[in-house]
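> Here it is: the structure, laid out below.
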Amino acid sequence: MTTFYDRQEAGRQLARYLMRYAGDCNTIVLALPRGGVPVAYEVAAALRAPLDIYIVRKLGAPGHEELAIGALAADGSCVVDEAAVRYLGVSPRMLEEIVQRELLELKRRELAYRGNRPEPDVRGKTVVVVDDGLATGATMTSVVRALRQKHPAKIIVAVPVGSQEAVEALGNVADGVIAVDIPHEFLAVGHRYRNFSQTSDEEVRELLERARKERASWNAA
């Protein structure tokens, strides 16, 4: 059963739940690449807010990379699901190897998407963190905890779809959680989209550049 046609439509629906922040110069939208960028682009456009990215990497279980045992944030901070690590028998050495591998990919994406531009200053701002959905919430938890160290005024997690467990868990670490759809029986984020094709690096760069140009035109008007 689908809720959204694609990430763009999901972003437009999500934006309607965030209009209290429209036109607020103290608000910034941060997307989690790659799938969160098309969603966040629509949100930022509706709010007329600046758009940037915050890169995290899922730590996948050895041999079952789709199963998250934690997440690594841009500043190197790491959230680990200790129960999953123990259950799967992941040794400290294996975990360190996973972290180092994902750290390399994280740095590659930082360079590919942001180039030499510095990270946005979120001190004292309302930060709306957007992804295309929440399954376990481990990745988003890592993001919120890392962002908290940068002293924003408020952190709002905003997604088109999320599991009940993840939404409740994020409510304990973020200042607010907004989800358009919280299915009673959650299977996977992609099940709520008709088109859930992978977002490419090129699409991420294109949307970020388009958002910067649109922002500049609004400021000049």
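Quick note on naming: the chains in the structure tokens go A, B, ... in the order shown, residues restart at 1 in each chain, and ligands are numbered from 1 in order of appearance.
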For the interface of stretch 84-113 of chain A with stretch 44-65 of chain A (cut-off 9 Å, counting only C-alpha atoms), please tabulate each contacting residue of stretch 84-113 of chain A alongside its nearest pair of atoms and their separation in Å to one decimal, rows sorted by chain and increasing number, as a Markdown table.


```
| residue | atom | partner | partner_atom | distance |
| --- | --- | --- | --- | --- |
| A:Ala84 | CA | A:Ala61 | CA | 8.8 |
| A:Val85 | CA | A:Ala61 | CA | 8.1 |
| A:Leu88 | CA | A:Ala61 | CA | 7.8 |
| A:Val90 | CA | A:Pro62 | CA | 7.7 |
| A:Met94 | CA | A:Pro62 | CA | 8.0 |
| A:Leu95 | CA | A:Leu59 | CA | 8.4 |
| A:Ile98 | CA | A:Leu59 | CA | 6.5 |
| A:Val99 | CA | A:Leu59 | CA | 6.9 |
| A:Glu102 | CA | A:Arg57 | CA | 6.2 |
| A:Leu103 | CA | A:Arg57 | CA | 7.7 |
| A:Glu105 | CA | A:Arg57 | CA | 8.0 |
| A:Leu106 | CA | A:Arg57 | CA | 6.5 |
| A:Lys107 | CA | A:Ile55 | CA | 8.9 |
| A:Arg109 | CA | A:Ile55 | CA | 7.6 |
| A:Glu110 | CA | A:Ile55 | CA | 7.0 |
| A:Tyr113 | CA | A:Ile53 | CA | 8.2 |
```

> Let me see the file: selected residues, C-alpha atoms, as a PDB file, in the first residue's frame.


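The new file again.pdb reads:
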```
ATOM      1  CA  ALA A  84      22.375  -5.972  17.971  1.00  0.00           C
ATOM      2  CA  VAL A  85      26.169  -6.100  18.134  1.00  0.00           C
ATOM      3  CA  LEU A  88      25.170 -10.866  15.926  1.00  0.00           C
ATOM      4  CA  VAL A  90      30.231  -8.500  16.006  1.00  0.00           C
ATOM      5  CA  MET A  94      34.973  -6.029  13.110  1.00  0.00           C
ATOM      6  CA  LEU A  95      33.065  -2.985  14.316  1.00  0.00           C
ATOM      7  CA  ILE A  98      33.092  -1.174   9.533  1.00  0.00           C
ATOM      8  CA  VAL A  99      33.454   2.295  11.075  1.00  0.00           C
ATOM      9  CA  GLU A 102      32.101   4.004   6.292  1.00  0.00           C
ATOM     10  CA  LEU A 103      34.197   6.970   7.412  1.00  0.00           C
ATOM     11  CA  GLU A 105      32.711   6.858   2.188  1.00  0.00           C
ATOM     12  CA  LEU A 106      31.386   9.662   4.381  1.00  0.00           C
ATOM     13  CA  LYS A 107      34.387  11.853   3.550  1.00  0.00           C
ATOM     14  CA  ARG A 109      30.407  12.191  -0.097  1.00  0.00           C
ATOM     15  CA  GLU A 110      31.256  15.329   1.844  1.00  0.00           C
ATOM     16  CA  TYR A 113      28.339  17.130  -2.416  1.00  0.00           C
TER      17      TYR A 113
END
```

> Could you pull out the residues in stretch 24-204 of chain A that DSSP calls alpha helix (DSSP H) from the backbone, as a VMD selection string?

chain A and resid 36 to 47 82 to 88 92 to 114 138 to 148 164 to 170 201 to 204

> Would you mind exporting C-alpha atoms of the selected residues as a short mmCIF file (atom, residue, chain, number, x, y, z; two decimals), in the first residue's frame?


```
data_model
loop_
_atom_site.label_atom_id
_atom_site.label_comp_id
_atom_site.auth_asym_id
_atom_site.auth_seq_id
_atom_site.Cartn_x
_atom_site.Cartn_y
_atom_site.Cartn_z
CA GLY A 36 16.50 12.70 1.90
CA VAL A 37 17.67 15.39 -0.52
CA PRO A 38 14.72 15.33 -3.00
CA VAL A 39 12.32 15.39 -0.02
CA ALA A 40 14.18 18.22 1.71
CA TYR A 41 14.44 20.26 -1.50
CA GLU A 42 10.65 20.49 -1.66
CA VAL A 43 10.45 21.35 2.05
CA ALA A 44 13.09 24.09 1.80
CA ALA A 45 11.42 25.55 -1.30
CA ALA A 46 8.04 25.71 0.45
CA LEU A 47 9.53 27.28 3.57
CA GLU A 82 24.89 -2.67 21.52
CA ALA A 83 22.15 -5.28 21.72
CA ALA A 84 22.38 -5.97 17.97
CA VAL A 85 26.17 -6.10 18.13
CA ARG A 86 26.06 -8.70 20.92
CA TYR A 87 23.32 -10.75 19.25
CA LEU A 88 25.17 -10.87 15.93
CA PRO A 92 35.26 -4.82 18.48
CA ARG A 93 37.74 -5.33 15.63
CA MET A 94 34.97 -6.03 13.11
CA LEU A 95 33.06 -2.98 14.32
CA GLU A 96 36.16 -0.78 13.97
CA GLU A 97 36.69 -2.04 10.41
CA ILE A 98 33.09 -1.17 9.53
CA VAL A 99 33.45 2.29 11.07
CA GLN A 100 36.67 3.03 9.18
CA ARG A 101 35.18 1.87 5.87
CA GLU A 102 32.10 4.00 6.29
CA LEU A 103 34.20 6.97 7.41
CA LEU A 104 36.02 6.87 4.06
CA GLU A 105 32.71 6.86 2.19
CA LEU A 106 31.39 9.66 4.38
CA LYS A 107 34.39 11.85 3.55
CA ARG A 108 34.00 11.04 -0.15
CA ARG A 109 30.41 12.19 -0.10
CA GLU A 110 31.26 15.33 1.84
CA LEU A 111 33.71 16.29 -0.89
CA ALA A 112 31.39 15.26 -3.71
CA TYR A 113 28.34 17.13 -2.42
CA ARG A 114 29.77 20.12 -0.59
CA ALA A 138 19.45 4.76 14.45
CA THR A 139 20.80 6.97 11.68
CA MET A 140 18.64 9.93 12.62
CA THR A 141 19.49 9.52 16.30
CA SER A 142 23.17 9.83 15.40
CA VAL A 143 22.42 13.00 13.45
CA VAL A 144 20.45 14.63 16.26
CA ARG A 145 23.09 13.85 18.87
CA ALA A 146 25.88 15.18 16.66
CA LEU A 147 23.94 18.35 15.79
CA ARG A 148 23.17 18.96 19.45
CA GLN A 164 5.94 3.96 15.42
CA GLU A 165 9.00 2.76 17.36
CA ALA A 166 11.40 5.09 15.54
CA VAL A 167 9.13 8.13 15.87
CA GLU A 168 8.73 7.51 19.60
CA ALA A 169 12.48 6.97 20.07
CA LEU A 170 13.36 10.17 18.19
CA ASP A 201 25.16 11.68 -6.49
CA GLU A 202 24.49 13.85 -9.54
CA GLU A 203 20.88 14.44 -8.47
CA VAL A 204 22.06 15.44 -5.00
#
```

> Closest to A:Asn219 among A:Thr199, A:Gly23, A:Gly115, A:Arg192, using only C-alpha atoms?

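Using only C-alpha atoms, A:Asn219 sits closest to A:Gly23.
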
> Let's see if you can do this: from backbone DSSP, list all strand (DSSP E or B) residues in stretch 163-220 of chain A, as a PyMOL selection string.

chain A and resi 176-181+193

> Give me, as number ranges by chain, all polymer residues having an atom no more than 12 Å from A:Gln149, counting only C-alpha atoms and skipping those fewer than 5 positions away in the same chain.

A: 73, 75, 77, 121-124, 142-144, 154-155

> Atom CA of A:Glu185 and atom CA of A:Arg7 are how many Å apart?

20.8 Å
